[in-house]
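**Student:** What follows is start.cif, made up of mmCIF, C-alpha atoms:
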```cif
data_structure
#
loop_
_atom_site.label_atom_id
_atom_site.label_comp_id
_atom_site.auth_asym_id
_atom_site.auth_seq_id
_atom_site.Cartn_x
_atom_site.Cartn_y
_atom_site.Cartn_z
CA MET A 1 13.15 -20.99 -11.47
CA ALA A 2 9.75 -20.22 -10.06
CA GLN A 3 9.28 -20.69 -6.36
CA ILE A 4 6.56 -19.89 -3.84
CA LEU A 5 7.47 -17.19 -1.34
CA GLU A 6 5.47 -16.98 1.88
CA PHE A 7 4.96 -13.65 3.65
CA LYS A 8 3.14 -12.70 6.80
CA VAL A 9 1.14 -9.53 6.09
CA THR A 10 -1.22 -7.65 8.39
CA MET A 11 -4.58 -7.39 6.58
CA THR A 12 -7.88 -6.59 8.27
CA CYS A 13 -10.45 -6.31 5.46
CA GLU A 14 -11.06 -7.11 1.81
CA GLY A 15 -9.73 -3.65 0.97
CA CYS A 16 -6.43 -4.56 2.61
CA SER A 17 -6.03 -7.89 0.83
CA GLY A 18 -7.21 -6.34 -2.45
CA ALA A 19 -4.53 -3.67 -2.20
CA VAL A 20 -1.80 -6.23 -1.61
CA ASN A 21 -3.08 -8.36 -4.47
CA ARG A 22 -3.13 -5.34 -6.79
CA VAL A 23 0.48 -4.27 -6.23
CA LEU A 24 1.76 -7.83 -6.56
CA SER A 25 -0.20 -8.55 -9.73
CA ARG A 26 1.39 -5.50 -11.36
CA LEU A 27 4.89 -6.95 -10.84
CA GLU A 28 6.79 -8.49 -13.73
CA GLY A 29 7.89 -12.02 -12.85
CA VAL A 30 4.94 -12.91 -10.60
CA SER A 31 2.86 -15.78 -11.95
CA ASN A 32 0.48 -16.46 -9.07
CA ILE A 33 -0.74 -14.84 -5.84
CA GLU A 34 -2.68 -16.52 -3.08
CA ILE A 35 -3.93 -14.60 -0.07
CA ASN A 36 -5.20 -16.19 3.14
CA MET A 37 -6.51 -13.33 5.26
CA GLU A 38 -7.49 -15.53 8.19
CA GLU A 39 -3.90 -16.70 8.55
CA GLN A 40 -2.48 -13.32 7.48
CA ARG A 41 -0.44 -14.97 4.76
CA VAL A 42 0.43 -14.09 1.17
CA TYR A 43 1.92 -16.72 -1.17
CA VAL A 44 3.66 -15.43 -4.27
CA THR A 45 4.79 -17.70 -7.11
CA THR A 46 7.65 -15.82 -8.71
CA SER A 47 11.16 -15.77 -10.12
CA LEU A 48 11.89 -12.62 -8.06
CA SER A 49 13.85 -12.69 -4.80
CA SER A 50 12.13 -12.50 -1.43
CA ASP A 51 13.81 -9.12 -0.83
CA GLU A 52 12.37 -7.67 -4.03
CA VAL A 53 8.85 -8.87 -3.24
CA LEU A 54 9.11 -7.81 0.42
CA ALA A 55 10.07 -4.26 -0.64
CA VAL A 56 6.94 -4.00 -2.79
CA ILE A 57 4.67 -5.29 -0.02
CA LYS A 58 6.25 -2.81 2.42
CA LYS A 59 5.32 0.05 0.11
CA THR A 60 1.66 -0.78 0.72
CA GLY A 61 2.25 0.49 4.28
CA ARG A 62 1.56 -2.84 5.94
CA GLU A 63 3.45 -4.72 8.60
CA THR A 64 5.06 -7.63 6.80
CA GLU A 65 7.79 -10.20 7.08
CA TYR A 66 9.21 -12.95 4.92
CA VAL A 67 8.39 -16.41 6.26
CA GLY A 68 10.02 -18.87 3.85
CA THR A 69 10.26 -20.42 0.41
CA LYS A 70 9.15 -23.67 -1.13
CA PRO A 71 9.64 -24.93 -4.68
CA ALA A 72 6.70 -24.43 -7.04
CA PRO A 73 5.03 -27.76 -7.89
CA MET B 74 5.95 26.67 0.17
CA ALA B 75 3.78 24.24 2.04
CA GLN B 76 0.35 23.53 0.63
CA ILE B 77 -2.44 21.11 1.39
CA LEU B 78 -3.04 18.49 -1.29
CA GLU B 79 -6.39 16.70 -1.34
CA PHE B 80 -6.68 13.14 -2.64
CA LYS B 81 -9.59 10.79 -2.98
CA VAL B 82 -8.48 7.37 -1.73
CA THR B 83 -10.52 4.18 -1.42
CA MET B 84 -10.25 3.02 2.21
CA THR B 85 -12.59 0.55 3.87
CA CYS B 86 -11.16 -0.06 7.35
CA GLU B 87 -8.71 1.28 9.92
CA GLY B 88 -6.10 -1.03 8.40
CA CYS B 89 -6.52 0.72 5.07
CA SER B 90 -6.27 4.25 6.48
CA GLY B 91 -3.39 3.23 8.74
CA ALA B 92 -1.45 1.90 5.76
CA VAL B 93 -1.92 5.14 3.82
CA ASN B 94 -0.94 7.18 6.86
CA ARG B 95 2.17 5.06 7.34
CA VAL B 96 3.57 5.46 3.83
CA LEU B 97 2.90 9.21 3.80
CA SER B 98 4.43 9.80 7.22
CA ARG B 99 7.65 8.16 6.03
CA LEU B 100 8.02 10.75 3.22
CA GLU B 101 10.50 13.60 3.51
CA GLY B 102 8.74 16.93 3.02
CA VAL B 103 5.38 15.94 4.50
CA SER B 104 4.49 17.94 7.60
CA ASN B 105 0.89 16.87 8.25
CA ILE B 106 -1.56 14.16 7.21
CA GLU B 107 -5.29 14.17 7.81
CA ILE B 108 -7.48 11.24 6.84
CA ASN B 109 -11.27 11.33 6.63
CA MET B 110 -12.33 7.78 5.93
CA GLU B 111 -16.05 8.59 5.77
CA GLU B 112 -15.43 11.01 2.91
CA GLN B 113 -12.60 8.87 1.45
CA ARG B 114 -10.25 11.82 1.57
CA VAL B 115 -6.58 12.28 2.48
CA TYR B 116 -5.15 15.77 3.09
CA VAL B 117 -1.37 16.10 2.91
CA THR B 118 0.47 19.24 4.00
CA THR B 119 3.67 19.15 2.00
CA SER B 120 6.22 20.90 -0.18
CA LEU B 121 6.11 17.93 -2.61
CA SER B 122 4.16 18.00 -5.87
CA SER B 123 0.78 16.31 -6.24
CA ASP B 124 2.33 13.87 -8.74
CA GLU B 125 5.01 12.80 -6.26
CA VAL B 126 2.49 12.21 -3.48
CA LEU B 127 0.01 10.49 -5.83
CA ALA B 128 2.71 8.04 -6.94
CA VAL B 129 3.37 7.05 -3.32
CA ILE B 130 -0.33 6.58 -2.55
CA LYS B 131 -0.70 4.45 -5.70
CA LYS B 132 2.02 2.12 -4.44
CA THR B 133 -0.26 1.18 -1.55
CA GLY B 134 -2.43 -0.55 -4.17
CA ARG B 135 -5.47 1.69 -3.64
CA GLU B 136 -7.68 3.47 -6.10
CA THR B 137 -6.76 7.13 -5.80
CA GLU B 138 -6.97 10.44 -7.58
CA TYR B 139 -5.77 13.97 -6.96
CA VAL B 140 -8.63 16.35 -6.13
CA GLY B 141 -7.00 19.74 -5.65
CA THR B 142 -4.70 22.04 -3.69
CA LYS B 143 -5.21 24.82 -1.21
CA PRO B 144 -2.59 26.99 0.51
CA ALA B 145 -1.60 25.92 4.02
CA PRO B 146 -2.93 28.38 6.63
#
```
Once you've parsed the file, please lay out its structure as structure tokens.

**Tutor:**
Amino acid sequence: MAQILEFKVTMTCEGCSGAVNRVLSRLEGVSNIEINMEEQRVYVTTSLSSDEVLAVIKKTGRETEYVGTKPAP
Amino acid sequence: MAQILEFKVTMTCEGCSGAVNRVLSRLEGVSNIEINMEEQRVYVTTSLSSDEVLAVIKKTGRETEYVGTKPAP
């Protein structure tokens, strides 16, 4: 079932958020991505586990941590 | 034998270059990294192939291409 995973990700410019968006949009099983740079948050609607998504975000070289999950509306 | 691989990488802020530096410095077989953000270049002294290093840079979500190789001094 799809759920929305929330991650804290350090992003300082549009290049940073664009890079995160790009790697996540390439993932199978991700249906939506929302990035709030001001709050340093990335919301991923997906059937993947938080560990799987976290591993991909880490490969961008950014500081990141998993914050929590809520059900997709 | 160690060689210096040159890559063009799109980087727009210190966060961008820091992220690239971070993923490369985690790699086994990389002995030096130099980043010139003004010229959008990353120089990697390594025993790895250009394809291996390119794949890691791509995972950061940035536009990148391999430029060329020169022998390490």

**Student:** For chain A, list the residues within 12 Å of chain B, counting all atoms listed in the file, and write the list as a ChimeraX atom specification.

**Tutor:** /A:9-27,55-64

**Student:** Between atom CA of Glu28 of chain A and atom CA of Glu101 of chain B, measure the distance and give it in Å to one decimal.

**Tutor:**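 It comes out at 28.3 Å.
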
**Student:** Given the PyMOL selection byres ((chain B and resi 121) around 9) and the file above, list the residues it selects as a PyMOL selection string.

**Tutor:** chain B and resi 75-76+101-103+118-120+122-126

**Student:** Between A:Pro71, A:Glu38, A:Val44, A:Asn32, which residue has the minimum interatomic distance to Leu5 of chain A, considering all atoms listed in the file?

**Tutor:** A:Val44

**Student:** Could you work out how far atom CA of Tyr43 of chain A lies from atom CA of Lys70 of chain A, giving the answer in Å with one decimal?

**Tutor:**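 These atoms are spaced 10.0 Å apart.
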
**Student:** For Lys81 of chain B, list every protein, DNA or RNA residue within 6 Å, evaluated using all atoms listed in the file, and leave out those in the same chain fewer than 4 positions away; present the list as a PyMOL selection string.

**Tutor:** chain B and resi 113-114+137-138

**Student:** One decimal, in Å: what's the spacing between atom CA of Met37 of chain A and atom CA of Val115 of chain B?

**Tutor:**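 Distance between the two atoms: 25.8 Å.
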
**Student:** Need the axis-aligned box for segment 13-18 of chain A with 6 Å each side, so what are the centre and edges in Å to one decimal, as AutoDock Vina command-line options?

**Tutor:**
```
--center_x -8.5 --center_y -5.8 --center_z 1.5 --size_x 17.0 --size_y 16.2 --size_z 19.9
```

**Student:** Of the residues A:Leu54, A:Asn36, A:Ser31, A:Tyr66, which is the one nearest to Phe7 of chain A, using only C-alpha atoms?

**Tutor:**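 Nearest to Phe7 of chain A: A:Tyr66.
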